[in-house]
Structures are given as structure tokens and as C-alpha cells.
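> Enclosed is the structure file start.pdb (PDB, C-alpha atoms).
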ATOM      1  CA  MET K 156      10.356   1.327  20.965
ATOM      2  CA  SER K 157       9.768   4.346  18.735
ATOM      3  CA  THR K 158      12.487   6.971  18.583
ATOM      4  CA  THR K 159      10.146   9.594  17.076
ATOM      5  CA  ALA K 160       9.120  12.148  19.703
ATOM      6  CA  TYR K 161       5.512  13.311  19.880
ATOM      7  CA  PRO K 162       5.449  17.076  19.193
ATOM      8  CA  ILE K 163       4.074  17.902  22.651
ATOM      9  CA  GLY K 164       5.773  17.244  25.952
ATOM     10  CA  THR K 165       9.126  15.938  27.140
ATOM     11  CA  PRO K 166       9.814  12.222  26.628
ATOM     12  CA  GLY K 167       9.468  10.328  29.878
ATOM     13  CA  GLN K 168       7.467  13.065  31.638
ATOM     14  CA  PRO K 169       3.661  13.029  31.909
ATOM     15  CA  TRP K 170       1.847  16.070  30.620
ATOM     16  CA  GLY K 171       0.951  18.937  32.888
ATOM     17  CA  ALA K 172      -1.457  21.811  32.307
ATOM     18  CA  ALA K 173       0.800  23.510  29.758
ATOM     19  CA  GLU K 174       1.116  20.397  27.610
ATOM     20  CA  ARG K 175      -2.612  19.740  27.714
ATOM     21  CA  ALA K 176      -3.262  23.331  26.679
ATOM     22  CA  ALA K 177      -0.788  22.971  23.807
ATOM     23  CA  TRP K 178      -2.537  19.786  22.706
ATOM     24  CA  LEU K 179      -5.958  21.459  22.881
ATOM     25  CA  ALA K 180      -4.728  24.376  20.775
ATOM     26  CA  ARG K 181      -3.950  21.934  17.950
ATOM     27  CA  GLN K 182      -7.503  20.575  17.776
ATOM     28  CA  VAL K 183      -9.614  21.865  14.895
ATOM     29  CA  ARG K 184     -13.352  21.491  14.402
ATOM     30  CA  ARG K 185     -13.766  19.487  11.193
ATOM     31  CA  ARG K 186     -17.401  18.391  11.168
ATOM     32  CA  ASP K 187     -20.706  19.424  12.695
ATOM     33  CA  TYR K 188     -22.429  17.361  15.381
ATOM     34  CA  ALA K 189     -25.655  19.346  15.021
ATOM     35  CA  VAL K 190     -25.853  18.686  11.282
ATOM     36  CA  ASP K 191     -24.580  15.103  11.233
ATOM     37  CA  VAL K 192     -26.115  13.706  14.412
ATOM     38  CA  LEU K 193     -28.735  15.940  16.005
ATOM     39  CA  ALA K 194     -30.532  16.463  12.686
ATOM     40  CA  ALA K 195     -30.541  12.712  12.046
ATOM     41  CA  VAL K 196     -31.924  12.096  15.527
ATOM     42  CA  ASP K 197     -34.590  14.745  15.000
ATOM     43  CA  ALA K 198     -35.645  13.058  11.754
ATOM     44  CA  LEU K 199     -36.426   9.886  13.725
ATOM     45  CA  ARG K 200     -38.819  11.502  16.194
ATOM     46  CA  ASP K 201     -41.803   9.894  14.504
ATOM     47  CA  ARG K 202     -40.426   6.469  15.439
ATOM     48  CA  PHE K 203     -38.540   7.102  18.703
ATOM     49  CA  ALA K 204     -38.759   9.141  21.831
ATOM     50  CA  VAL K 205     -35.721  11.434  21.996
ATOM     51  CA  ASP K 206     -34.089  11.638  25.406
ATOM     52  CA  ALA K 207     -31.750  14.556  26.148
ATOM     53  CA  TYR K 208     -29.870  12.810  28.943
ATOM     54  CA  GLY K 209     -27.200  15.412  29.627
ATOM     55  CA  GLU K 210     -24.832  18.018  28.271
ATOM     56  CA  VAL K 211     -21.097  18.602  28.081
ATOM     57  CA  ALA K 212     -19.520  22.025  27.729
ATOM     58  CA  TYR K 213     -15.985  22.930  26.742
ATOM     59  CA  HIS K 214     -14.629  26.457  26.435
ATOM     60  CA  GLY K 215     -17.976  28.053  25.641
ATOM     61  CA  GLU K 216     -19.229  25.250  23.383
ATOM     62  CA  ARG K 217     -22.180  23.243  24.631
ATOM     63  CA  TYR K 218     -23.193  19.831  23.341
ATOM     64  CA  PRO K 219     -26.527  18.166  24.203
ATOM     65  CA  LEU K 220     -26.228  14.416  24.739
ATOM     66  CA  VAL K 221     -29.148  12.579  23.176
ATOM     67  CA  ALA K 222     -30.484   9.049  22.964
ATOM     68  CA  LEU K 223     -33.236   7.392  20.975
ATOM     69  CA  CYS K 224     -35.668   5.304  23.031
ATOM     70  CA  SER K 225     -38.476   2.962  22.042
ATOM     71  CA  ARG K 226     -41.617   5.052  21.813
ATOM     72  CA  GLU K 227     -43.719   2.242  23.316
ATOM     73  CA  TRP K 228     -41.465   1.534  26.303
ATOM     74  CA  ARG K 229     -42.691  -1.455  28.311
ATOM     75  CA  ASP K 230     -41.433  -2.367  31.752
ATOM     76  CA  ASP K 231     -42.040  -6.067  31.099
ATOM     77  CA  LEU K 232     -39.526  -6.172  28.226
ATOM     78  CA  PRO K 233     -35.740  -6.437  28.372
ATOM     79  CA  VAL K 234     -33.573  -3.508  27.315
ATOM     80  CA  ALA K 235     -31.121  -3.513  24.407
ATOM     81  CA  LEU K 236     -28.489  -0.783  24.664
ATOM     82  CA  VAL K 237     -26.504   0.400  21.635
ATOM     83  CA  THR K 238     -23.764   3.004  21.962
ATOM     84  CA  GLY K 239     -21.644   4.718  19.337
ATOM     85  CA  GLY K 240     -19.119   7.506  19.209
ATOM     86  CA  VAL K 241     -17.630   6.876  22.639
ATOM     87  CA  HIS K 242     -14.462   7.630  20.701
ATOM     88  CA  GLY K 243     -15.756  10.479  18.587
ATOM     89  CA  TYR K 244     -13.404   9.921  15.665
ATOM     90  CA  GLU K 245     -14.782   6.410  15.017
ATOM     91  CA  THR K 246     -17.265   7.433  12.357
ATOM     92  CA  SER K 247     -19.069   4.178  11.603
ATOM     93  CA  GLY K 248     -19.920   3.748  15.267
ATOM     94  CA  VAL K 249     -21.972   6.930  15.131
ATOM     95  CA  HIS K 250     -23.480   6.452  11.690
ATOM     96  CA  GLY K 251     -23.900   2.707  12.123
ATOM     97  CA  ALA K 252     -26.021   3.318  15.231
ATOM     98  CA  LEU K 253     -28.117   5.884  13.347
ATOM     99  CA  ALA K 254     -28.460   3.556  10.352
ATOM    100  CA  PHE K 255     -29.668   0.755  12.611
ATOM    101  CA  ALA K 256     -32.232   3.092  14.159
ATOM    102  CA  ALA K 257     -33.467   4.229  10.758
ATOM    103  CA  GLY K 258     -33.456   0.900   8.959
ATOM    104  CA  ARG K 259     -33.607  -2.120  11.249
ATOM    105  CA  ALA K 260     -34.848  -1.094  14.670
ATOM    106  CA  ALA K 261     -38.495  -1.513  13.714
ATOM    107  CA  ALA K 262     -37.999  -5.287  13.646
ATOM    108  CA  PHE K 263     -37.590  -5.226  17.429
ATOM    109  CA  GLU K 264     -40.690  -3.220  18.329
ATOM    110  CA  GLY K 265     -42.667  -5.013  20.999
ATOM    111  CA  VAL K 266     -39.816  -7.469  21.566
ATOM    112  CA  CYS K 267     -37.419  -5.307  23.553
ATOM    113  CA  ASN K 268     -36.942  -1.731  24.649
ATOM    114  CA  LEU K 269     -34.261  -0.002  22.591
ATOM    115  CA  LEU K 270     -31.957   2.659  24.011
ATOM    116  CA  LEU K 271     -29.569   4.019  21.377
ATOM    117  CA  ALA K 272     -26.920   6.618  22.230
ATOM    118  CA  PRO K 273     -25.390   7.243  18.797
ATOM    119  CA  CYS K 274     -22.706   9.808  19.681
ATOM    120  CA  VAL K 275     -21.514   9.674  23.264
ATOM    121  CA  SER K 276     -18.603  12.112  22.671
ATOM    122  CA  PRO K 277     -19.757  14.986  20.433
ATOM    123  CA  TRP K 278     -16.756  17.314  20.973
ATOM    124  CA  ALA K 279     -14.451  14.509  19.863
ATOM    125  CA  TYR K 280     -16.758  13.680  16.954
ATOM    126  CA  GLU K 281     -16.332  17.193  15.621
ATOM    127  CA  ARG K 282     -12.530  17.145  16.028
ATOM    128  CA  ILE K 283     -12.195  13.554  14.773
ATOM    129  CA  HIS K 284     -10.370  12.653  17.964
ATOM    130  CA  ARG K 285     -10.275   9.892  20.532
ATOM    131  CA  TRP K 286     -10.206  12.101  23.618
ATOM    132  CA  ASN K 287     -12.464  14.825  24.959
ATOM    133  CA  ALA K 288     -11.272  18.426  25.336
ATOM    134  CA  ASP K 289      -9.535  17.571  28.624
ATOM    135  CA  ALA K 290      -7.316  14.991  26.849
ATOM    136  CA  VAL K 291      -9.315  12.264  28.634
ATOM    137  CA  ASP K 292     -10.371   9.019  26.965
ATOM    138  CA  PRO K 293     -14.089   8.482  27.709
ATOM    139  CA  ASN K 294     -13.678   4.765  27.011
ATOM    140  CA  ARG K 295     -11.418   4.386  30.021
ATOM    141  CA  SER K 296     -13.716   6.419  32.248
ATOM    142  CA  PHE K 297     -16.839   4.324  32.865
ATOM    143  CA  ARG K 298     -16.384   4.084  36.611
ATOM    144  CA  ALA K 299     -17.751   5.933  39.629
ATOM    145  CA  ASP K 300     -14.798   8.327  39.856
ATOM    146  CA  GLY K 301     -14.309   8.675  36.100
ATOM    147  CA  PRO K 302     -13.025  12.040  34.801
ATOM    148  CA  SER K 303     -15.127  12.123  31.606
ATOM    149  CA  GLY K 304     -18.386  14.048  31.656
ATOM    150  CA  GLU K 305     -19.534  12.110  28.596
ATOM    151  CA  ALA K 306     -19.103   8.775  30.375
ATOM    152  CA  THR K 307     -20.644   9.984  33.622
ATOM    153  CA  ALA K 308     -23.754  11.302  31.874
ATOM    154  CA  LEU K 309     -24.355   7.986  30.122
ATOM    155  CA  MET K 310     -23.782   6.041  33.338
ATOM    156  CA  ARG K 311     -26.428   8.144  35.084
ATOM    157  CA  ARG K 312     -28.884   7.584  32.243
ATOM    158  CA  VAL K 313     -28.421   3.830  32.206
ATOM    159  CA  ALA K 314     -28.140   3.174  35.957
ATOM    160  CA  PRO K 315     -31.913   3.059  36.688
ATOM    161  CA  LEU K 316     -32.336   0.252  34.154
ATOM    162  CA  GLY K 317     -30.331  -2.129  36.332
ATOM    163  CA  ALA K 318     -30.571  -5.814  35.474
ATOM    164  CA  ARG K 319     -33.190  -5.165  32.792
ATOM    165  CA  VAL K 320     -30.405  -4.495  30.269
ATOM    166  CA  LEU K 321     -30.044  -7.812  28.459
ATOM    167  CA  VAL K 322     -27.604  -6.842  25.730
ATOM    168  CA  HIS K 323     -25.203  -3.974  25.078
ATOM    169  CA  VAL K 324     -23.303  -3.444  21.836
ATOM    170  CA  ASP K 325     -20.696  -0.661  21.791
ATOM    171  CA  LEU K 326     -19.699   0.340  18.254
ATOM    172  CA  HIS K 327     -16.051   1.225  17.543
ATOM    173  CA  GLU K 328     -13.391   1.378  14.833
ATOM    174  CA  THR K 329      -9.658   0.663  14.701
ATOM    175  CA  THR K 330      -7.990   3.086  12.275
ATOM    176  CA  ASP K 331      -4.554   3.868  10.888
ATOM    177  CA  THR K 332      -4.539   7.008  13.021
ATOM    178  CA  ASP K 333      -4.453   4.800  16.114
ATOM    179  CA  GLU K 334      -0.802   4.203  15.260
ATOM    180  CA  SER K 335       0.046   7.569  13.688
ATOM    181  CA  GLU K 336      -1.616   9.836  16.269
ATOM    182  CA  PHE K 337      -3.650   8.414  19.102
ATOM    183  CA  ARG K 338      -1.330   5.819  20.623
ATOM    184  CA  PRO K 339       1.704   8.124  20.297
ATOM    185  CA  ALA K 340      -0.298  10.905  21.962
ATOM    186  CA  LEU K 341      -1.329   8.552  24.760
ATOM    187  CA  ALA K 342       2.278   7.522  25.386
ATOM    188  CA  ALA K 343       3.396  11.168  25.415
ATOM    189  CA  ARG K 344       0.540  12.236  27.726
ATOM    190  CA  ASP K 345       1.428   9.536  30.237
ATOM    191  CA  GLY K 346       5.207   9.947  29.955
ATOM    192  CA  LYS K 347       5.747   6.457  28.560
ATOM    193  CA  PRO K 348       7.623   5.158  25.510
ATOM    194  CA  PHE K 349       5.567   4.504  22.419
ATOM    195  CA  GLU K 350       5.644   0.872  21.334
ATOM    196  CA  PRO K 351       4.446   0.579  17.715
ATOM    197  CA  GLY K 352       1.696  -1.957  17.082
ATOM    198  CA  HIS K 353      -0.176  -3.484  14.165
ATOM    199  CA  ILE K 354      -3.559  -2.400  12.814
ATOM    200  CA  PRO K 355      -5.670  -5.460  11.913
ATOM    201  CA  ASP K 356      -7.289  -5.403   8.489
ATOM    202  CA  GLY K 357     -10.923  -6.238   9.050
ATOM    203  CA  PHE K 358     -13.763  -6.458  11.534
ATOM    204  CA  TYR K 359     -13.375  -8.025  14.969
ATOM    205  CA  VAL K 360     -15.115  -7.939  18.345
ATOM    206  CA  VAL K 361     -13.970  -7.616  21.928
ATOM    207  CA  GLY K 362     -15.754  -9.647  24.581
ATOM    208  CA  ASP K 363     -15.529  -9.377  28.356
ATOM    209  CA  GLU K 364     -12.885 -11.530  30.043
ATOM    210  CA  ALA K 365     -15.243 -11.987  32.994
ATOM    211  CA  ASN K 366     -18.193 -12.994  30.789
ATOM    212  CA  PRO K 367     -16.954 -13.966  27.306
ATOM    213  CA  GLN K 368     -20.183 -15.381  25.835
ATOM    214  CA  LEU K 369     -18.228 -16.787  22.903
ATOM    215  CA  ALA K 370     -21.275 -18.129  21.074
ATOM    216  CA  PHE K 371     -22.723 -14.614  21.171
ATOM    217  CA  GLN K 372     -19.501 -13.077  19.844
ATOM    218  CA  GLN K 373     -19.301 -15.709  17.106
ATOM    219  CA  ALA K 374     -22.885 -14.984  16.043
ATOM    220  CA  ILE K 375     -21.901 -11.350  15.501
ATOM    221  CA  ILE K 376     -18.820 -12.375  13.495
ATOM    222  CA  ALA K 377     -20.878 -14.745  11.343
ATOM    223  CA  ALA K 378     -23.390 -12.027  10.489
ATOM    224  CA  VAL K 379     -20.756  -9.392   9.737
ATOM    225  CA  SER K 380     -18.741 -11.789   7.548
ATOM    226  CA  LYS K 381     -21.578 -11.524   5.020
ATOM    227  CA  VAL K 382     -20.974  -7.762   4.822
ATOM    228  CA  THR K 383     -17.211  -7.314   5.133
ATOM    229  CA  HIS K 384     -14.069  -9.301   5.914
ATOM    230  CA  ILE K 385     -13.054 -10.469   9.378
ATOM    231  CA  ALA K 386      -9.662  -9.490  10.760
ATOM    232  CA  PRO K 387      -7.155 -12.353  10.836
ATOM    233  CA  ALA K 388      -4.853 -13.032  13.753
ATOM    234  CA  ASP K 389      -1.251 -11.888  13.373
ATOM    235  CA  ALA K 390       1.674 -14.315  13.261
ATOM    236  CA  GLY K 391       1.515 -14.652  17.037
ATOM    237  CA  GLY K 392      -2.190 -15.523  17.075
ATOM    238  CA  ARG K 393      -3.188 -12.085  18.376
ATOM    239  CA  ILE K 394      -5.214  -9.029  17.411
ATOM    240  CA  ILE K 395      -3.990  -5.681  18.833
ATOM    241  CA  GLY K 396      -1.834  -7.637  21.271
ATOM    242  CA  SER K 397      -4.580  -9.887  22.677
ATOM    243  CA  PRO K 398      -4.947 -13.627  22.026
ATOM    244  CA  VAL K 399      -7.611 -14.582  19.499
ATOM    245  CA  VAL K 400     -10.042 -16.921  21.281
ATOM    246  CA  ALA K 401     -12.275 -17.540  18.234
ATOM    247  CA  GLU K 402     -12.265 -16.144  14.714
ATOM    248  CA  GLY K 403     -12.295 -12.365  15.040
ATOM    249  CA  VAL K 404     -12.780 -12.450  18.828
ATOM    250  CA  ILE K 405     -10.495 -11.154  21.578
ATOM    251  CA  LEU K 406     -11.219 -10.434  25.241
ATOM    252  CA  TYR K 407     -10.608  -7.429  27.518
ATOM    253  CA  PRO K 408     -11.430  -6.880  31.212
ATOM    254  CA  PHE K 409     -14.278  -4.443  30.645
ATOM    255  CA  ARG K 410     -14.823  -3.270  34.202
ATOM    256  CA  SER K 411     -11.227  -2.817  35.327
ATOM    257  CA  LEU K 412     -10.415  -0.811  32.191
ATOM    258  CA  GLY K 413     -13.487   1.413  32.595
ATOM    259  CA  LEU K 414     -14.848   0.484  29.180
ATOM    260  CA  CYS K 415     -18.282   1.540  27.967
ATOM    261  CA  ALA K 416     -19.246  -2.068  27.245
ATOM    262  CA  GLY K 417     -18.899  -2.792  30.963
ATOM    263  CA  LEU K 418     -21.223  -0.083  32.271
ATOM    264  CA  THR K 419     -24.222  -2.423  32.776
ATOM    265  CA  GLU K 420     -24.880  -5.869  34.215
ATOM    266  CA  ALA K 421     -26.017  -7.106  30.801
ATOM    267  CA  ARG K 422     -25.607 -10.803  30.130
ATOM    268  CA  PHE K 423     -24.520 -10.179  26.529
ATOM    269  CA  THR K 424     -21.937  -7.473  25.838
ATOM    270  CA  SER K 425     -19.621  -6.784  22.933
ATOM    271  CA  THR K 426     -17.417  -4.040  21.541
ATOM    272  CA  THR K 427     -17.234  -4.004  17.750
ATOM    273  CA  GLU K 428     -14.168  -2.877  15.806
ATOM    274  CA  VAL K 429     -14.138  -2.253  12.057
ATOM    275  CA  TYR K 430     -11.220  -1.026   9.914
ATOM    276  CA  PRO K 431     -12.344   1.895   7.732
ATOM    277  CA  ASP K 432      -8.883   2.390   6.191
ATOM    278  CA  SER K 433      -8.873  -1.041   4.584
ATOM    279  CA  PRO K 434      -8.600  -1.099   0.777
ATOM    280  CA  ARG K 435     -11.190  -3.877   0.972
ATOM    281  CA  ALA K 436     -13.918  -1.849   2.691
ATOM    282  CA  THR K 437     -15.897   1.310   1.988
ATOM    283  CA  PRO K 438     -17.518   3.695   4.499
ATOM    284  CA  ALA K 439     -20.891   2.245   3.511
ATOM    285  CA  GLN K 440     -19.639  -1.275   4.236
ATOM    286  CA  CYS K 441     -18.335  -0.185   7.622
ATOM    287  CA  ASN K 442     -21.711   1.301   8.537
ATOM    288  CA  ALA K 443     -23.462  -1.828   7.254
ATOM    289  CA  ALA K 444     -21.119  -4.022   9.308
ATOM    290  CA  GLN K 445     -22.103  -2.139  12.461
ATOM    291  CA  VAL K 446     -25.791  -2.542  11.622
ATOM    292  CA  ALA K 447     -25.333  -6.267  11.000
ATOM    293  CA  ALA K 448     -23.473  -6.610  14.296
ATOM    294  CA  VAL K 449     -26.229  -4.906  16.274
ATOM    295  CA  GLU K 450     -28.990  -6.903  14.623
ATOM    296  CA  ALA K 451     -27.178 -10.224  15.137
ATOM    297  CA  ALA K 452     -26.409  -9.376  18.762
ATOM    298  CA  LEU K 453     -30.016  -8.496  19.549
ATOM    299  CA  ARG K 454     -31.442 -11.540  17.814
ATOM    300  CA  PHE K 455     -29.028 -13.895  19.605
ATOM    301  CA  ALA K 456     -29.657 -12.341  23.022
ATOM    302  CA  LEU K 457     -33.442 -12.152  22.680
ATOM    303  CA  ALA K 458     -33.642 -15.799  21.637
ATOM    304  CA  ARG K 459     -32.003 -16.682  24.971
ATOM    305  CA  ARG K 460     -33.639 -14.237  27.356
TER     306      ARG K 460
END
Can you dump the structure from the file as C-alpha cells?

Amino acid sequence: MSTTAYPIGTPGQPWGAAERAAWLARQVRRRDYAVDVLAAVDALRDRFAVDAYGEVAYHGERYPLVALCSREWRDDLPVALVTGGVHGYETSGVHGALAFAAGRAAAFEGVCNLLLAPCVSPWAYERIHRWNADAVDPNRSFRADGPSGEATALMRRVAPLGARVLVHVDLHETTDTDESEFRPALAARDGKPFEPGHIPDGFYVVGDEANPQLAFQQAIIAAVSKVTHIAPADAGGRIIGSPVVAEGVILYPFRSLGLCAGLTEARFTSTTEVYPDSPRATPAQCNAAQVAAVEAALRFALARR
């Protein structure tokens, strides 16, 4: 157990309104969603239909939520869903999704319908944070009563697609700040002790406990291993506390945790995790790893539709 107190709140007591306000006051805008994401989306209008599927607003700031959709959408084709930036601070999730759209998506024209939501949490993207402005984690909020407007908007957009969604890849990162900021903040917010963990060095994926699809997960790992290194298990055979069931693969209960990767009935689902703070990886490699993961996931799923 850590003996270092988080600077907000009283150890052992969950945050109230005052603590949340104190946390919010510490958040600083450090990058520009309109410049980094909306401009990149706009530049792809010749190849995609752009769907403004909602908006979130915090303290006078408004953020349009946008997705890229196949321009020639066909009801007889399956849907491939790609999401990034559910945790806004996870940079390669956002830019990996955009890089896939710009560079590799054309290979799937006429084979499937693509729906790409590159930055699900724009306020958090700008603050380089895990939570939204209400100190809520969108990636624990994909459920009917979820408190995240970002998650609810995406759920509403995807719901009409129903069983037509064949594959969903949700792009994430695991960073050093998980241990230095985000997990300590979570423990403080919930009034619990912080138990230090270990950040894995490399790429790994999280499959669904209820529907592991291990061959699918392994196909993603095999493709990404050509781009960057795969995270090894720790001495206990685990990654971030979960047993490794195949190289670079762990499992979570997607639905019960309210994870983005569990928002559809897709047969093939995976959450990617890359480590941008590794001395063995560059930002470009991290983006390329996300692109490789998406392409491998789509090719595997479409070959088995």
C-alpha cells in the first residue's frame, strides 16, 4: 500500500463536490482537439462521410463528437467499428485511428462498412487526462445508466447497427502516468488505498472473458509484433494484474466493467494497449502498432464472417 497521499481529498473518504471542483481546477488545456482531430477528420471528407453524432459541453466549452463512415455504406455488408480516445490522454489511440483511416481503410472498401470514432473523449484529449470534466472515466461508463456523456453519445450512435457489427477494436495505451497520476487519483476519488502496480513494457491486448476469441487476439499480436515489441508477462505470469492467456493477451469482463469494447454484440472484440513511454518505441511506432492491430483484426474477422 502506498503511504503517499494524493494532493486532493482525505485518505479513506470518497470525494465530494468540493474535492471534484479542486481536481477540476488543476486541469489545464494542453492541446487542441479542433486542430489535431477535427481538422484531420475534415481532410478525409473526400473519402468518408463525416457523422457528427453528438456533443459534450463542460463549463462553456463545447465539443462536437464526430465519426468517419464509409461513403458507400451498404446494408448487406458487416460493420467494422474502430474507437480511439475513450481515454483522451492515450494519444496513439486517437492518431492511430486517424492514420488507419488515412492510410489503410481504402483496402476495405466494398468489403465492410467502416465506422471510426477517433476521439471519443475530446475534453480529456485536450487535458491529457483519463477522465472527463466530471472526474468520470468514460471507459467504465458504457452501460444504460452510465454517467459519461461521451459514452452515452457513442452508445446511441452504434445501437441501431445491432448484430451487423462484426468486429470492434478499441485503441488504448498504458502509460507511466497510470501509476504516477491516474491510479492514485482513482484511489483518492473513491476513498480507497492506492496499491502500486507495474507498467508492462510493450504492446498487449485485452479480450472479453465472455467471448475470448483467442485466435483473433493472437492474430493481432502477430501483426503488431512486426512493428513493435509485445509486453511480457511479469514474474507471476500476469499483465496489469490479470493472467496472461496467450502471448500478450489478457481478459477482462467487458460488459460488467462498462468497457467501450463491450458496447456491441460483435463477435470479434479487442482492446489494444501500447506503451508509449518505452525506450524501445517511438510515437510513430505506437501509431503504426495501432494501425497494424486494426488491419489484422478486420482481416481476421472478415475472413470468418
> Counting all atoms listed in the file, which residue out of K:Phe255, K:Phe409, K:Tyr208, K:Phe423 sits closest to Arg298 in chain K?
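Ranking K:Phe255, K:Phe409, K:Tyr208, K:Phe423 by distance to Arg298 in chain K, first place goes to K:Phe409.
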> Given the file above and the PyMOL selection byres ((chain K and resi 350) around 12), which residues are selected, and can you give them as JSON, numbers by chain?
{"K": [156, 157, 158, 159, 160, 334, 335, 338, 339, 340, 341, 342, 343, 347, 348, 349, 351, 352, 353, 395, 396]}
> How would the residues just chosen look if you wrote them out with C-alpha atoms as a short mmCIF file (atom, residue, chain, number, x, y, z; two decimals), keeping the file's coordinate frame?

data_model
loop_
_atom_site.label_atom_id
_atom_site.label_comp_id
_atom_site.auth_asym_id
_atom_site.auth_seq_id
_atom_site.Cartn_x
_atom_site.Cartn_y
_atom_site.Cartn_z
CA MET K 156 10.36 1.33 20.96
CA SER K 157 9.77 4.35 18.74
CA THR K 158 12.49 6.97 18.58
CA THR K 159 10.15 9.59 17.08
CA ALA K 160 9.12 12.15 19.70
CA GLU K 334 -0.80 4.20 15.26
CA SER K 335 0.05 7.57 13.69
CA ARG K 338 -1.33 5.82 20.62
CA PRO K 339 1.70 8.12 20.30
CA ALA K 340 -0.30 10.90 21.96
CA LEU K 341 -1.33 8.55 24.76
CA ALA K 342 2.28 7.52 25.39
CA ALA K 343 3.40 11.17 25.42
CA LYS K 347 5.75 6.46 28.56
CA PRO K 348 7.62 5.16 25.51
CA PHE K 349 5.57 4.50 22.42
CA PRO K 351 4.45 0.58 17.72
CA GLY K 352 1.70 -1.96 17.08
CA HIS K 353 -0.18 -3.48 14.16
CA ILE K 395 -3.99 -5.68 18.83
CA GLY K 396 -1.83 -7.64 21.27
#
> Which residue, K:Ser433, K:Thr383, K:Asn294, K:Gln368, has the smallest gap to Cys415 in chain K when you use only C-alpha atoms?
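Distance minimum relative to Cys415 in chain K lands on K:Asn294.
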> Between K:Ser225, K:Gln372, K:Ser303, K:Thr238, which one has atoms that come closest to Asn268 in chain K, using only C-alpha atoms?
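Going through K:Ser225, K:Gln372, K:Ser303, K:Thr238 one by one, the smallest distance to Asn268 in chain K is for K:Ser225.
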> Need to verify the contact set: Asp331 in chain K, 10 Å, only C-alpha atoms, exclusion of same-chain residues closer than 5 positions in sequence. Can you return it as a PyMOL selection string?
chain K and resi 336-337+353-356+430-433
> For the file shown, report as a ChimeraX atom specification the outcome of the PyMOL selection byres ((chain K and resi 450-460) around 12) at residue level.
/K:232-237,251-252,254-256,258-269,319-326,360,368-381,421-427,443-449
> What is the distance between CA of Asp363 in chain K and CA of Pro408 in chain K, in Å to one decimal?
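Atom-to-atom, CA of Asp363 in chain K to CA of Pro408 in chain K, that is 5.6 Å.
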> Tell me, in Å to one decimal, how far CA of Gly301 in chain K is from CA of His242 in chain K.
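According to the coordinates, CA of Gly301 in chain K and CA of His242 in chain K are separated by 15.4 Å.
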> As a PyMOL selection string, please: the residues near Ile385 in chain K (cut-off 7 Å, all atoms listed in the file, same-chain neighbours under 3 positions excluded).
chain K and resi 357-359+380+403
> CA of Glu305 in chain K to CA of Gly417 in chain K: how many Å, to one decimal?
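Going from CA of Glu305 in chain K over to CA of Gly417 in chain K, I get 15.1 Å.
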> Determine the residue set returned by the PyMOL selection byres ((chain K and resi 169) around 7) for the present structure, and present it as a PyMOL selection string.
chain K and resi 167-168+170-171+343-346
> Atoms to include: C-alpha atoms. Write the selected residues as a PDB file, keeping the file's coordinate frame.

ATOM      1  CA  GLY K 167       9.468  10.328  29.878  1.00  0.00           C
ATOM      2  CA  GLN K 168       7.467  13.065  31.638  1.00  0.00           C
ATOM      3  CA  TRP K 170       1.847  16.070  30.620  1.00  0.00           C
ATOM      4  CA  GLY K 171       0.951  18.937  32.888  1.00  0.00           C
ATOM      5  CA  ALA K 343       3.396  11.168  25.415  1.00  0.00           C
ATOM      6  CA  ARG K 344       0.540  12.236  27.726  1.00  0.00           C
ATOM      7  CA  ASP K 345       1.428   9.536  30.237  1.00  0.00           C
ATOM      8  CA  GLY K 346       5.207   9.947  29.955  1.00  0.00           C
TER       9      GLY K 346
END
> Which polymer residues have any atom within 9 Å of an atom of Thr307 in chain K, counting only C-alpha atoms, with same-chain residues fewer than 6 positions away left out, as a list in words?
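Skipping anything fewer than 6 positions along the chain leaves Pro293, Ser296, Phe297, Arg298, Ala299, Asp300 and Gly301 of chain K.
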> Please determine, counting only C-alpha atoms, which residue among K:Leu418, K:Leu316, K:Val190, K:Ala222 has the shortest atom-to-atom distance to Arg295 in chain K.
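Checking each of K:Leu418, K:Leu316, K:Val190, K:Ala222 against Arg295 in chain K, counting only C-alpha atoms, the winner is K:Leu418.
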> Write out as a VMD selection string each polymer residue whose atoms come within 7 Å of Ile405 in chain K, counting all atoms listed in the file; drop sequence neighbours fewer than 3 positions from it.
chain K and resid 360 to 362 397 to 400
